[in-house]
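Trainee: Supplied structure: structure.tsv, TSV, C-alpha atoms and all ligand atoms.
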```tsv
chain	number	residue	atom	x	y	z
H	1	MET	CA	22.24	-28.34	-11.62
H	2	THR	CA	21.09	-25.08	-10.18
H	3	GLU	CA	17.48	-24.05	-10.13
H	4	THR	CA	16.32	-20.53	-9.47
H	5	ILE	CA	13.74	-20.68	-6.70
H	6	LEU	CA	13.07	-16.97	-6.29
H	7	GLU	CA	13.77	-14.03	-8.53
H	8	THR	CA	12.99	-10.34	-8.41
H	9	GLN	CA	13.07	-8.00	-11.38
H	10	GLU	CA	13.41	-4.26	-10.80
H	11	LEU	CA	11.31	-4.56	-7.65
H	12	LYS	CA	10.11	-1.25	-6.21
H	13	LYS	CA	8.17	-0.40	-3.10
H	14	TYR	CA	7.34	3.24	-2.43
H	15	PHE	CA	5.47	4.31	0.70
H	16	PRO	CA	3.39	7.46	0.44
H	17	VAL	CA	4.17	10.40	2.70
H	18	ARG	CA	0.90	12.08	3.58
H	19	SER	CA	0.32	15.58	4.76
H	20	PRO	CA	-1.27	15.26	8.21
H	21	LEU	CA	-3.69	18.11	7.58
H	22	LEU	CA	-4.71	17.72	3.98
H	23	LYS	CA	-4.45	13.94	3.91
H	24	ARG	CA	-2.87	14.07	0.51
H	25	THR	CA	0.30	12.42	-0.68
H	26	ILE	CA	3.11	14.92	-0.57
H	27	GLY	CA	6.02	12.62	-1.35
H	28	TRP	CA	7.28	9.07	-1.54
H	29	ILE	CA	9.65	7.03	0.59
H	30	ARG	CA	11.56	4.95	-1.91
H	31	ALA	CA	12.19	1.98	0.38
H	32	LEU	CA	12.93	-0.34	-2.55
H	33	ASP	CA	14.05	1.32	-5.71
H	34	GLY	CA	14.66	-1.33	-8.34
H	35	VAL	CA	16.05	-4.54	-6.85
H	36	SER	CA	16.92	-7.51	-9.07
H	37	PHE	CA	18.44	-10.75	-7.86
H	38	ALA	CA	17.91	-14.51	-8.06
H	39	ILE	CA	18.24	-17.11	-5.31
H	40	GLN	CA	19.14	-20.68	-6.21
H	41	ARG	CA	17.51	-23.66	-4.53
H	42	GLY	CA	19.50	-24.82	-1.52
H	43	GLU	CA	21.36	-21.55	-1.22
H	44	ILE	CA	21.72	-19.21	1.75
H	45	PHE	CA	21.50	-15.75	0.22
H	46	GLY	CA	22.48	-12.89	2.51
H	47	LEU	CA	21.17	-9.35	2.52
H	48	VAL	CA	23.15	-6.78	4.43
H	49	GLY	CA	22.98	-3.02	4.90
H	50	GLU	CA	22.42	-0.25	7.42
H	51	SER	CA	19.21	0.28	9.32
H	52	GLY	CA	16.51	1.69	7.08
H	53	CYS	CA	18.03	0.59	3.75
H	54	GLY	CA	14.97	-1.50	2.92
H	55	LYS	CA	15.87	-5.04	4.02
H	56	SER	CA	12.63	-5.80	5.86
H	57	THR	CA	10.60	-4.05	3.17
H	58	LEU	CA	12.17	-6.40	0.64
H	59	GLY	CA	11.38	-9.46	2.77
H	60	LYS	CA	7.79	-8.37	3.30
H	61	THR	CA	7.27	-7.54	-0.36
H	62	LEU	CA	8.55	-10.99	-1.34
H	63	LEU	CA	6.10	-12.54	1.08
H	64	GLY	CA	3.19	-10.49	-0.25
H	65	ILE	CA	2.61	-8.48	2.93
H	66	TYR	CA	3.33	-5.41	0.78
H	67	GLN	CA	2.14	-5.07	-2.78
H	68	PRO	CA	5.08	-3.94	-4.96
H	69	THR	CA	4.83	-0.49	-6.51
H	70	GLN	CA	6.55	-1.86	-9.61
H	71	GLY	CA	8.55	-4.86	-10.72
H	72	LYS	CA	8.17	-8.59	-10.44
H	73	VAL	CA	8.57	-11.40	-7.95
H	74	ILE	CA	8.89	-14.83	-9.51
H	75	PHE	CA	8.72	-17.88	-7.24
H	76	LYS	CA	9.39	-21.34	-8.70
H	77	GLY	CA	8.81	-20.00	-12.19
H	78	GLN	CA	5.49	-18.38	-11.33
H	79	LEU	CA	4.86	-14.65	-11.26
H	80	ILE	CA	3.52	-14.13	-7.74
H	81	SER	CA	3.64	-10.36	-7.37
H	82	ASP	CA	0.40	-9.92	-9.33
H	83	LEU	CA	-1.53	-12.78	-7.77
H	84	PRO	CA	-4.88	-12.14	-6.16
H	85	LYS	CA	-4.80	-12.26	-2.34
H	86	LYS	CA	-6.22	-15.77	-2.01
H	87	ALA	CA	-3.76	-17.38	-4.39
H	88	ALA	CA	-0.94	-15.41	-2.77
H	89	ARG	CA	-1.93	-16.69	0.65
H	90	LYS	CA	-1.63	-20.27	-0.55
H	91	LEU	CA	1.90	-19.60	-1.71
H	92	ARG	CA	2.83	-18.10	1.60
H	93	ARG	CA	2.98	-21.56	3.05
H	94	GLU	CA	5.93	-22.22	0.83
H	95	ILE	CA	7.63	-18.95	1.71
H	96	GLN	CA	7.87	-18.31	5.44
H	97	TYR	CA	9.16	-15.31	7.38
H	98	VAL	CA	11.03	-15.38	10.67
H	99	TYR	CA	10.53	-12.02	12.31
H	100	GLN	CA	13.15	-9.85	13.96
H	101	ASP	CA	11.59	-10.49	17.39
H	102	PRO	CA	10.00	-13.95	17.39
H	103	GLY	CA	8.76	-13.50	20.97
H	104	ALA	CA	6.47	-10.72	19.80
H	105	SER	CA	5.12	-12.80	16.93
H	106	LEU	CA	4.05	-15.67	19.22
H	107	ASP	CA	0.68	-15.30	20.92
H	108	PRO	CA	1.49	-15.12	24.66
H	109	TRP	CA	-1.79	-16.82	25.67
H	110	TRP	CA	-1.18	-19.93	23.62
H	111	THR	CA	0.78	-22.97	24.68
H	112	THR	CA	3.56	-24.23	22.46
H	113	GLU	CA	1.33	-27.10	21.46
H	114	ARG	CA	-1.41	-24.79	20.26
H	115	LEU	CA	1.09	-22.50	18.54
H	116	LEU	CA	2.41	-25.43	16.56
H	117	ARG	CA	-0.99	-26.93	15.81
H	118	GLU	CA	-2.74	-23.78	14.64
H	119	PRO	CA	-0.90	-23.35	11.32
H	120	LEU	CA	-1.56	-27.02	10.55
H	121	VAL	CA	-5.27	-26.64	11.24
H	122	ILE	CA	-5.48	-23.57	9.03
H	123	HIS	CA	-3.32	-24.68	6.16
H	124	THR	CA	-3.50	-28.47	5.95
H	125	ASP	CA	-6.04	-31.25	6.11
H	126	LEU	CA	-3.92	-33.63	8.14
H	127	SER	CA	-5.63	-35.95	10.61
H	128	ARG	CA	-5.19	-35.24	14.31
H	129	GLN	CA	-2.74	-38.11	14.56
H	130	GLU	CA	-0.68	-36.87	11.62
H	131	MET	CA	-0.60	-33.41	13.19
H	132	ASP	CA	0.60	-34.86	16.51
H	133	GLU	CA	3.30	-36.72	14.66
H	134	ARG	CA	4.48	-33.65	12.76
H	135	ILE	CA	4.48	-31.48	15.87
H	136	ARG	CA	6.60	-34.03	17.71
H	137	ARG	CA	9.02	-34.27	14.81
H	138	MET	CA	9.48	-30.52	14.59
H	139	ILE	CA	9.91	-29.97	18.30
H	140	HIS	CA	12.74	-32.50	18.28
H	141	ALA	CA	14.23	-31.11	15.06
H	142	VAL	CA	14.73	-27.69	16.63
H	143	GLY	CA	16.21	-29.12	19.82
H	144	LEU	CA	13.25	-28.64	22.17
H	145	GLU	CA	11.61	-31.35	24.28
H	146	GLU	CA	8.10	-32.71	24.22
H	147	GLU	CA	7.60	-31.48	27.76
H	148	HIS	CA	7.97	-27.94	26.36
H	149	LEU	CA	4.67	-28.36	24.53
H	150	SER	CA	2.65	-27.26	27.56
H	151	ARG	CA	4.72	-24.09	28.07
H	152	TYR	CA	3.84	-20.53	27.07
H	153	PRO	CA	6.21	-18.43	24.91
H	154	HIS	CA	7.26	-16.18	27.82
H	155	GLU	CA	8.48	-19.27	29.66
H	156	PHE	CA	11.23	-19.70	27.08
H	157	SER	CA	14.61	-18.01	26.79
H	158	GLY	CA	15.35	-15.87	23.74
H	159	GLY	CA	17.24	-18.72	22.11
H	160	GLN	CA	14.41	-21.17	22.80
H	161	GLN	CA	11.89	-18.70	21.38
H	162	ARG	CA	13.89	-18.70	18.15
H	163	ARG	CA	13.69	-22.48	18.11
H	164	LEU	CA	9.96	-22.41	18.74
H	165	ALA	CA	9.33	-19.86	15.99
H	166	LEU	CA	11.28	-22.04	13.61
H	167	ALA	CA	9.43	-25.22	14.64
H	168	ARG	CA	6.18	-23.41	13.92
H	169	ILE	CA	7.32	-22.51	10.44
H	170	LEU	CA	8.76	-25.93	9.67
H	171	THR	CA	5.47	-27.67	10.42
H	172	LEU	CA	4.22	-26.17	7.14
H	173	ASN	CA	6.99	-27.66	4.97
H	174	PRO	CA	8.19	-24.39	3.47
H	175	ASP	CA	10.63	-24.22	0.56
H	176	LEU	CA	12.07	-20.80	1.29
H	177	ILE	CA	12.53	-19.13	4.66
H	178	ILE	CA	13.21	-15.44	5.02
H	179	PHE	CA	15.11	-14.73	8.22
H	180	ASP	CA	14.97	-11.11	9.32
H	181	GLU	CA	17.77	-10.41	11.81
H	182	PRO	CA	17.19	-13.82	13.39
H	183	THR	CA	19.88	-13.54	16.05
H	184	SER	CA	19.46	-9.96	17.18
H	185	GLY	CA	19.32	-9.71	20.95
H	186	LEU	CA	21.02	-13.07	21.55
H	187	ASP	CA	24.36	-13.34	23.27
H	188	VAL	CA	27.25	-14.58	21.18
H	189	SER	CA	27.34	-18.18	22.38
H	190	VAL	CA	23.59	-18.70	21.95
H	191	GLN	CA	23.84	-16.99	18.59
H	192	ALA	CA	26.44	-19.52	17.46
H	193	THR	CA	24.29	-22.53	18.41
H	194	ILE	CA	21.21	-21.03	16.78
H	195	LEU	CA	23.10	-20.33	13.55
H	196	LYS	CA	24.39	-23.89	13.55
H	197	LEU	CA	20.82	-25.13	14.03
H	198	PHE	CA	19.66	-23.04	11.04
H	199	LYS	CA	22.37	-24.60	8.89
H	200	ASP	CA	21.58	-28.15	10.02
H	201	LEU	CA	17.86	-27.67	9.41
H	202	LYS	CA	18.51	-26.30	5.96
H	203	GLU	CA	20.23	-29.55	5.05
H	204	ALA	CA	17.76	-31.81	6.85
H	205	PHE	CA	14.68	-30.23	5.28
H	206	HIS	CA	16.18	-29.18	1.90
H	207	LEU	CA	15.45	-25.51	2.50
H	208	THR	CA	16.57	-22.28	0.87
H	209	TYR	CA	17.21	-19.18	2.99
H	210	LEU	CA	17.12	-15.46	2.44
H	211	PHE	CA	19.14	-14.27	5.38
H	212	ILE	CA	18.76	-10.62	6.37
H	213	SER	CA	21.26	-9.16	8.81
H	214	HIS	CA	23.21	-6.00	9.45
H	215	ASP	CA	25.90	-8.15	11.08
H	216	LEU	CA	28.64	-8.88	8.58
H	217	SER	CA	30.27	-11.58	10.64
H	218	VAL	CA	26.98	-13.50	10.78
H	219	ILE	CA	26.55	-13.06	7.03
H	220	ARG	CA	30.06	-14.33	6.40
H	221	MET	CA	29.51	-17.37	8.57
H	222	MET	CA	26.16	-18.28	7.03
H	223	CYS	CA	25.80	-17.19	3.42
H	224	HIS	CA	26.94	-18.54	0.07
H	225	ARG	CA	26.24	-15.24	-1.64
H	226	VAL	CA	25.52	-11.78	-0.36
H	227	ALA	CA	23.86	-8.63	-1.63
H	228	VAL	CA	24.80	-5.30	-0.06
H	229	MET	CA	21.94	-2.81	0.03
H	230	TYR	CA	22.11	0.96	0.28
H	231	LEU	CA	18.97	3.11	0.32
H	232	GLY	CA	16.73	0.72	-1.53
H	233	VAL	CA	19.15	-0.61	-4.14
H	234	ILE	CA	21.77	-3.37	-4.32
H	235	VAL	CA	25.20	-1.78	-4.70
H	236	GLU	CA	27.23	-4.99	-4.65
H	237	MET	CA	26.46	-8.67	-4.94
H	238	GLY	CA	28.53	-11.82	-5.25
H	239	PRO	CA	29.91	-14.92	-3.59
H	240	THR	CA	30.39	-14.10	0.10
H	241	GLU	CA	34.11	-14.83	0.09
H	242	ALA	CA	34.73	-12.67	-2.98
H	243	VAL	CA	32.80	-9.75	-1.54
H	244	PHE	CA	34.64	-9.97	1.79
H	245	ALA	CA	38.08	-10.53	0.29
H	246	GLN	CA	37.74	-8.01	-2.53
H	247	PRO	CA	34.95	-5.57	-1.88
H	248	LYS	CA	34.46	-3.36	-4.92
H	249	HIS	CA	31.96	-0.74	-3.84
H	250	PRO	CA	33.16	2.06	-1.51
H	251	TYR	CA	30.12	1.42	0.68
H	252	THR	CA	30.98	-2.27	1.12
H	253	LYS	CA	34.57	-1.31	1.89
H	254	ALA	CA	33.37	1.08	4.55
H	255	LEU	CA	31.07	-1.51	6.11
H	256	LEU	CA	33.91	-4.02	6.25
H	257	ALA	CA	36.32	-1.48	7.69
H	258	ALA	CA	33.84	-0.85	10.50
H	259	ILE	CA	33.99	-4.47	11.71
H	260	PRO	CA	35.87	-4.59	15.00
H	261	VAL	CA	39.24	-6.35	15.00
H	262	PRO	CA	40.39	-8.84	13.80
H	263	ARG	CA	40.33	-7.02	10.48
H	264	VAL	CA	38.74	-8.94	7.67
H	265	THR	CA	40.66	-7.05	5.01
H	266	PRO	CA	43.94	-5.99	6.61
H	267	GLU	CA	45.70	-4.80	3.48
H	268	GLN	CA	42.87	-2.65	2.25
H	269	GLU	CA	42.58	1.05	2.49
H	270	GLU	CA	40.07	2.03	5.10
H	271	ILE	CA	37.06	4.14	4.34
H	272	VAL	CA	35.25	5.63	7.25
H	273	LEU	CA	31.55	6.18	6.79
H	274	GLU	CA	30.53	9.59	7.91
H	275	GLY	CA	27.10	10.87	8.67
H	276	GLU	CA	23.78	9.19	8.17
H	277	PRO	CA	22.35	7.93	4.91
H	278	PRO	CA	20.09	10.54	3.26
H	279	SER	CA	16.36	10.03	3.69
H	280	PRO	CA	14.80	7.64	1.18
H	281	GLU	CA	12.28	10.42	0.64
H	282	HIS	CA	14.90	12.87	-0.64
H	283	LEU	CA	17.53	10.98	-2.59
H	284	PRO	CA	20.44	12.82	-4.19
H	285	SER	CA	20.76	12.89	-7.96
H	286	GLY	CA	22.94	10.27	-9.64
H	287	CYS	CA	24.62	7.80	-7.31
H	288	ARG	CA	22.76	7.69	-4.01
H	289	PHE	CA	25.95	6.96	-2.08
H	290	ARG	CA	27.91	9.91	-3.49
H	291	LEU	CA	27.33	12.31	-0.56
H	292	ARG	CA	29.16	9.93	1.76
H	293	CYS	CA	31.67	8.60	-0.77
H	294	PRO	CA	35.29	9.77	-0.56
H	295	TYR	CA	35.83	9.06	-4.27
H	296	ALA	CA	32.75	10.79	-5.64
H	297	GLU	CA	33.18	13.17	-8.56
H	298	GLU	CA	30.72	15.65	-9.95
H	299	ASP	CA	30.77	13.94	-13.32
H	300	PRO	CA	29.57	11.20	-13.58
H	301	CYS	CA	28.53	10.50	-9.98
H	302	SER	CA	26.00	13.30	-9.57
H	303	LEU	CA	24.67	12.95	-13.09
H	304	ARG	CA	23.78	9.32	-13.56
H	305	GLU	CA	22.76	6.45	-11.33
H	306	PRO	CA	25.34	3.65	-11.69
H	307	PRO	CA	23.80	0.33	-12.84
H	308	LEU	CA	24.65	-2.95	-11.11
H	309	GLU	CA	27.10	-4.60	-13.51
H	310	GLU	CA	29.13	-7.77	-13.46
H	311	SER	CA	32.74	-6.98	-12.65
H	312	ASP	CA	34.22	-10.43	-12.02
H	313	SER	CA	32.44	-13.68	-12.62
H	314	GLY	CA	29.30	-13.59	-10.49
H	315	HIS	CA	30.50	-10.45	-8.66
H	316	TYR	CA	28.40	-7.37	-9.39
H	317	VAL	CA	28.96	-3.75	-8.43
H	318	ALA	CA	27.14	-0.46	-9.00
H	319	CYS	CA	29.86	2.21	-9.07
H	320	HIS	CA	30.99	4.55	-11.87
H	321	LEU	CA	34.49	4.78	-10.46
H	322	GLN	CA	35.07	1.14	-9.85
H	323	GLU	CA	38.55	1.11	-11.36
H	324	LYS	CA	39.66	4.01	-9.21
H	325	VAL	CA	38.22	2.51	-6.07
H	326	GLU	CA	40.03	-0.80	-6.49
H	401	LIG	N1	4.92	0.54	6.37
H	401	LIG	C1	5.73	1.58	6.13
H	401	LIG	N2	5.23	2.81	5.85
H	401	LIG	C2	6.03	3.85	5.56
H	401	LIG	N3	7.38	3.78	5.53
H	401	LIG	C3	7.96	2.59	5.81
H	401	LIG	C4	7.17	1.43	6.12
H	401	LIG	N4	8.01	0.39	6.35
H	401	LIG	C5	9.26	0.86	6.19
H	401	LIG	N5	9.23	2.19	5.86
H	401	LIG	C6	10.40	3.05	5.56
H	401	LIG	O1	11.13	2.40	4.54
H	401	LIG	C7	12.53	2.47	4.76
H	401	LIG	C8	13.11	1.08	4.84
H	401	LIG	O2	12.65	0.44	6.01
H	401	LIG	P1	12.99	-1.08	6.39
H	401	LIG	O3	12.20	-1.43	7.60
H	401	LIG	O4	12.80	-1.91	5.18
H	401	LIG	O5	14.55	-0.99	6.73
H	401	LIG	P2	15.54	-2.12	7.28
H	401	LIG	O6	16.69	-2.16	6.33
H	401	LIG	O7	14.80	-3.37	7.55
H	401	LIG	O8	16.06	-1.49	8.66
H	401	LIG	P3	16.45	-2.20	10.06
H	401	LIG	O9	17.85	-2.73	9.89
H	401	LIG	O10	16.40	-1.07	11.03
H	401	LIG	O11	15.44	-3.25	10.34
H	401	LIG	C9	12.69	3.29	6.03
H	401	LIG	O12	12.93	4.62	5.65
H	401	LIG	C10	11.36	3.14	6.73
H	401	LIG	O13	11.09	4.27	7.53
H	402	MG	MG	14.38	-4.48	9.28
```
Show the structure stored in the file as structure tokens.
Ligand SMILES: Nc1ncnc2c1ncn2[C@@H]1O[C@H](COP(=O)(O)OP(=O)(O)OP(=O)(O)O)[C@@H](O)[C@H]1O
Ligand SMILES: [Mg+2]

Mentor:
Amino acid sequence: MTETILETQELKKYFPVRSPLLKRTIGWIRALDGVSFAIQRGEIFGLVGESGCGKSTLGKTLLGIYQPTQGKVIFKGQLISDLPKKAARKLRREIQYVYQDPGASLDPWWTTERLLREPLVIHTDLSRQEMDERIRRMIHAVGLEEEHLSRYPHEFSGGQQRRLALARILTLNPDLIIFDEPTSGLDVSVQATILKLFKDLKEAFHLTYLFISHDLSVIRMMCHRVAVMYLGVIVEMGPTEAVFAQPKHPYTKALLAAIPVPRVTPEQEEIVLEGEPPSPEHLPSGCRFRLRCPYAEEDPCSLREPPLEESDSGHYVACHLQEKVE
């Protein structure tokens, strides 16, 4: 039995561009431009795409740090995008966010013990003894030692900081964890142990993950399903293996072709991505990928935005020329 834990419907987040002199809004950055997907309980759902495509904006909008411009976020059957701040804050315990740089999100003046205790003091009414017990459990769960409790965050390595950030989150018994580039800046061997730890903890604590990364090999290793984002929209989504073995969108093909050897898709035609994505403030008409797409045609690509449609079972793609591309 699958159960949808989190769902978005046509989620949009536009940031205003203000004129520095007149202080008026002179345009909009369309960081999220209509994103719909559903994550099942127990799943690791990946989100991949180039820098600036809106991955972190999506994570932060799900968490309620940003108010959506339009669209819905539904968590465990409850519409949370319209909740008042106080009610939203309560829900945030159940959805937690692991930041790109956990070192920066940990107060440098606090010991590990205090860092782990503080969320419990704020969000729970556990007794001191129960808190001690939970802190000890979490520190062991993430592979740190009790003697680490008296240390400060800067006294940890990058890998250990990841563990600490995770222990802090786990003390609150979340249901869903959003990881935002959780292994950036780690060397490959540490990265592998940290990823393994994430997987083990998911099983041990019955968690669900939204896993944001620009690194396709990490996504492939970790995720059951993946959504590929380009300039604020999902252009392809499906089971990870299907998307890697048979990418359908020219953008996904280009991303896969850019992975260093060994080639993931040896028999496939290579598309080389040229140039930078256009600014999310000035999107082209029609398909937003068309200016970088080798297949693009005037009609229909510049005329209409392609919708995300199911192509194979569970495998979705947003491309007018899908048959040609294959
Ligand atoms: N608070 C903000 N105010 C204005 N614009 C923003 C804000 N946050 C993000 N943006 C813009 O929204 C777009 C998406 O940014 P976002 O941080 O979501 O990208 P990303 O996919 O997480 O990139 P990266 O891989 O570099 O982390 C970018 O054009 C960015 O400049
Ligand atoms: Mg980001």

Trainee: Please provide as a ChimeraX atom specification all residues within 12 Å of range 305-311 of chain H, with the sequence filter that same-chain residues fewer than 3 positions apart are discarded (counting all atoms listed in the file).

Mentor: /H:10,33-37,227-229,233-238,242-243,246-249,283-290,296,299-302,314-323,326

Trainee: Can you pull out every residue within 12 Å of Leu79 in chain H, counting only C-alpha atoms, but drop anything in the same chain fewer than 6 positions away, and send it as a PDB file with C-alpha atoms, in the coordinates of the input?

Mentor:
```pdb
ATOM      1  CA  ILE H   5      13.740 -20.680  -6.700  1.00  0.00           C
ATOM      2  CA  LEU H   6      13.070 -16.970  -6.290  1.00  0.00           C
ATOM      3  CA  GLU H   7      13.770 -14.030  -8.530  1.00  0.00           C
ATOM      4  CA  THR H   8      12.990 -10.340  -8.410  1.00  0.00           C
ATOM      5  CA  GLN H   9      13.070  -8.000 -11.380  1.00  0.00           C
ATOM      6  CA  LEU H  62       8.550 -10.990  -1.340  1.00  0.00           C
ATOM      7  CA  GLY H  64       3.190 -10.490  -0.250  1.00  0.00           C
ATOM      8  CA  GLY H  71       8.550  -4.860 -10.720  1.00  0.00           C
ATOM      9  CA  LYS H  72       8.170  -8.590 -10.440  1.00  0.00           C
ATOM     10  CA  VAL H  73       8.570 -11.400  -7.950  1.00  0.00           C
ATOM     11  CA  ALA H  87      -3.760 -17.380  -4.390  1.00  0.00           C
ATOM     12  CA  ALA H  88      -0.940 -15.410  -2.770  1.00  0.00           C
ATOM     13  CA  LEU H  91       1.900 -19.600  -1.710  1.00  0.00           C
TER      14      LEU H  91
END
```

Trainee: With all atoms listed in the file counted, collect every polymer residue having an atom within 12 Å of ligand MG 402 (chain H); state the result as a PyMOL selection string.

Mentor: chain H and resi 31+47-60+98-101+178-182+184+211-214

Trainee: Grab the CA of Ser217 in chain H to CA of Glu270 in chain H distance for me, in Å with one decimal place.

Mentor: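 Between CA of Ser217 in chain H and CA of Glu270 in chain H the gap is 17.7 Å.
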
Trainee: What's the 9 Å shell around Leu197 in chain H, counting only C-alpha atoms, without same-chain residues fewer than 4 positions away, as a list in words?

Mentor: Ala141, Val142, Gly143, Arg163, Ala192, Thr193, Leu201 and Lys202 of chain H

Trainee: Report the centre and edge lengths, in Å to one decimal, of an axis-aligned box enclosing every atom of ligand LIG 401 (chain H) listed in the file, padded by 8 Å on each side, as lines of an AutoDock Vina configuration file.

Mentor:
```
center_x = 11.4
center_y = 0.6
center_z = 7.8
size_x = 28.9
size_y = 24.0
size_z = 22.5
```

Trainee: With only C-alpha atoms and all ligand atoms as the basis for distance, which of H:Tyr152, H:Tyr230, H:Trp109, H:Tyr97 is at the shortest distance from ligand LIG 401 (chain H)?

Mentor: H:Tyr230

Trainee: Compare H:Ala165, H:Leu176, H:Val17, H:Ala257 by their minimum atom-to-atom distance to Leu207 in chain H, counting all atoms listed in the file, and give me the closest one.

Mentor: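 The closest residue to Leu207 in chain H is H:Leu176.
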
Trainee: As an exercise, work out the distance from atom C4 of ligand LIG 401 (chain H) to CA of Ile65 in chain H in Å and give it to one decimal place.

Mentor: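 Between these atoms lies a distance of 11.4 Å.
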
Trainee: Can you measure CA of Asn173 in chain H to CA of Leu115 in chain H for me? One decimal in Å is fine.

Mentor: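 Pair CA of Asn173 in chain H / CA of Leu115 in chain H returns 15.7 Å.
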
Trainee: Pick out the closest residue to ligand LIG 401 (chain H) from this set: H:Gln96, H:Ile194, H:Pro16, H:Arg162. Count all atoms listed in the file.

Mentor: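 Using all atoms listed in the file, the shortest distance to ligand LIG 401 (chain H) belongs to H:Pro16.
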
Trainee: Give the answer as one residue: which of H:Ala38, H:Ile135, H:Met221, H:Ile29 has the shortest atom-to-atom distance to ligand LIG 401 (chain H), using all atoms listed in the file?

Mentor: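 Closest to ligand LIG 401 (chain H), using all atoms listed in the file: H:Ile29.
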
Trainee: Return the single residue from H:Pro68, H:Pro294, H:Pro108, H:Pro102 that is closest to His154 in chain H, with distances computed using all atoms listed in the file.

Mentor: H:Pro108

Trainee: For Arg134 in chain H, work out the shell of residues within 12 Å, counting all atoms listed in the file and skipping chain neighbours fewer than 6 positions away, then give it as an MDAnalysis selection string.

Mentor: chainID H and resid 113 116:117 119:120 124 126:128 140:141 167:173

Trainee: Please return range 73-90 of chain H, rebuilt to N, CA and C atoms, as a PDB file, in the coordinates of the input.

Mentor:
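Final output, saved to out02.pdb:
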```pdb
ATOM      1  N   VAL H  73       8.031 -10.348  -8.801  1.00  0.00           N
ATOM      2  CA  VAL H  73       8.570 -11.400  -7.950  1.00  0.00           C
ATOM      3  C   VAL H  73       8.166 -12.728  -8.579  1.00  0.00           C
ATOM      4  N   ILE H  74       9.164 -13.545  -8.873  1.00  0.00           N
ATOM      5  CA  ILE H  74       8.890 -14.830  -9.510  1.00  0.00           C
ATOM      6  C   ILE H  74       9.348 -15.938  -8.563  1.00  0.00           C
ATOM      7  N   PHE H  75       8.413 -16.804  -8.175  1.00  0.00           N
ATOM      8  CA  PHE H  75       8.720 -17.880  -7.240  1.00  0.00           C
ATOM      9  C   PHE H  75       8.460 -19.210  -7.938  1.00  0.00           C
ATOM     10  N   LYS H  76       9.477 -20.045  -8.000  1.00  0.00           N
ATOM     11  CA  LYS H  76       9.390 -21.340  -8.700  1.00  0.00           C
ATOM     12  C   LYS H  76       8.775 -21.181 -10.092  1.00  0.00           C
ATOM     13  N   GLY H  77       9.238 -20.188 -10.805  1.00  0.00           N
ATOM     14  CA  GLY H  77       8.810 -20.000 -12.190  1.00  0.00           C
ATOM     15  C   GLY H  77       7.471 -19.314 -12.348  1.00  0.00           C
ATOM     16  N   GLN H  78       6.824 -18.969 -11.235  1.00  0.00           N
ATOM     17  CA  GLN H  78       5.490 -18.380 -11.330  1.00  0.00           C
ATOM     18  C   GLN H  78       5.524 -16.922 -10.862  1.00  0.00           C
ATOM     19  N   LEU H  79       4.912 -16.064 -11.644  1.00  0.00           N
ATOM     20  CA  LEU H  79       4.860 -14.650 -11.260  1.00  0.00           C
ATOM     21  C   LEU H  79       3.897 -14.509 -10.084  1.00  0.00           C
ATOM     22  N   ILE H  80       4.420 -14.172  -8.906  1.00  0.00           N
ATOM     23  CA  ILE H  80       3.520 -14.130  -7.740  1.00  0.00           C
ATOM     24  C   ILE H  80       3.170 -12.719  -7.303  1.00  0.00           C
ATOM     25  N   SER H  81       3.890 -11.722  -7.854  1.00  0.00           N
ATOM     26  CA  SER H  81       3.640 -10.360  -7.370  1.00  0.00           C
ATOM     27  C   SER H  81       2.282  -9.825  -7.819  1.00  0.00           C
ATOM     28  N   ASP H  82       1.703 -10.413  -8.859  1.00  0.00           N
ATOM     29  CA  ASP H  82       0.400  -9.920  -9.330  1.00  0.00           C
ATOM     30  C   ASP H  82      -0.761 -10.815  -8.920  1.00  0.00           C
ATOM     31  N   LEU H  83      -0.470 -11.826  -8.109  1.00  0.00           N
ATOM     32  CA  LEU H  83      -1.530 -12.780  -7.770  1.00  0.00           C
ATOM     33  C   LEU H  83      -2.607 -12.153  -6.906  1.00  0.00           C
ATOM     34  N   PRO H  84      -3.848 -12.592  -7.092  1.00  0.00           N
ATOM     35  CA  PRO H  84      -4.880 -12.140  -6.160  1.00  0.00           C
ATOM     36  C   PRO H  84      -4.575 -12.656  -4.744  1.00  0.00           C
ATOM     37  N   LYS H  85      -5.137 -11.982  -3.746  1.00  0.00           N
ATOM     38  CA  LYS H  85      -4.800 -12.260  -2.340  1.00  0.00           C
ATOM     39  C   LYS H  85      -4.902 -13.737  -1.973  1.00  0.00           C
ATOM     40  N   LYS H  86      -5.985 -14.403  -2.438  1.00  0.00           N
ATOM     41  CA  LYS H  86      -6.220 -15.770  -2.010  1.00  0.00           C
ATOM     42  C   LYS H  86      -5.124 -16.715  -2.523  1.00  0.00           C
ATOM     43  N   ALA H  87      -4.800 -16.535  -3.789  1.00  0.00           N
ATOM     44  CA  ALA H  87      -3.760 -17.380  -4.390  1.00  0.00           C
ATOM     45  C   ALA H  87      -2.420 -17.072  -3.729  1.00  0.00           C
ATOM     46  N   ALA H  88      -2.200 -15.804  -3.400  1.00  0.00           N
ATOM     47  CA  ALA H  88      -0.940 -15.410  -2.770  1.00  0.00           C
ATOM     48  C   ALA H  88      -0.826 -16.045  -1.390  1.00  0.00           C
ATOM     49  N   ARG H  89      -1.950 -16.117  -0.700  1.00  0.00           N
ATOM     50  CA  ARG H  89      -1.930 -16.690   0.650  1.00  0.00           C
ATOM     51  C   ARG H  89      -1.508 -18.157   0.607  1.00  0.00           C
ATOM     52  N   LYS H  90      -1.968 -18.864  -0.414  1.00  0.00           N
ATOM     53  CA  LYS H  90      -1.630 -20.270  -0.550  1.00  0.00           C
ATOM     54  C   LYS H  90      -0.110 -20.446  -0.699  1.00  0.00           C
TER      55      LYS H  90
END
```
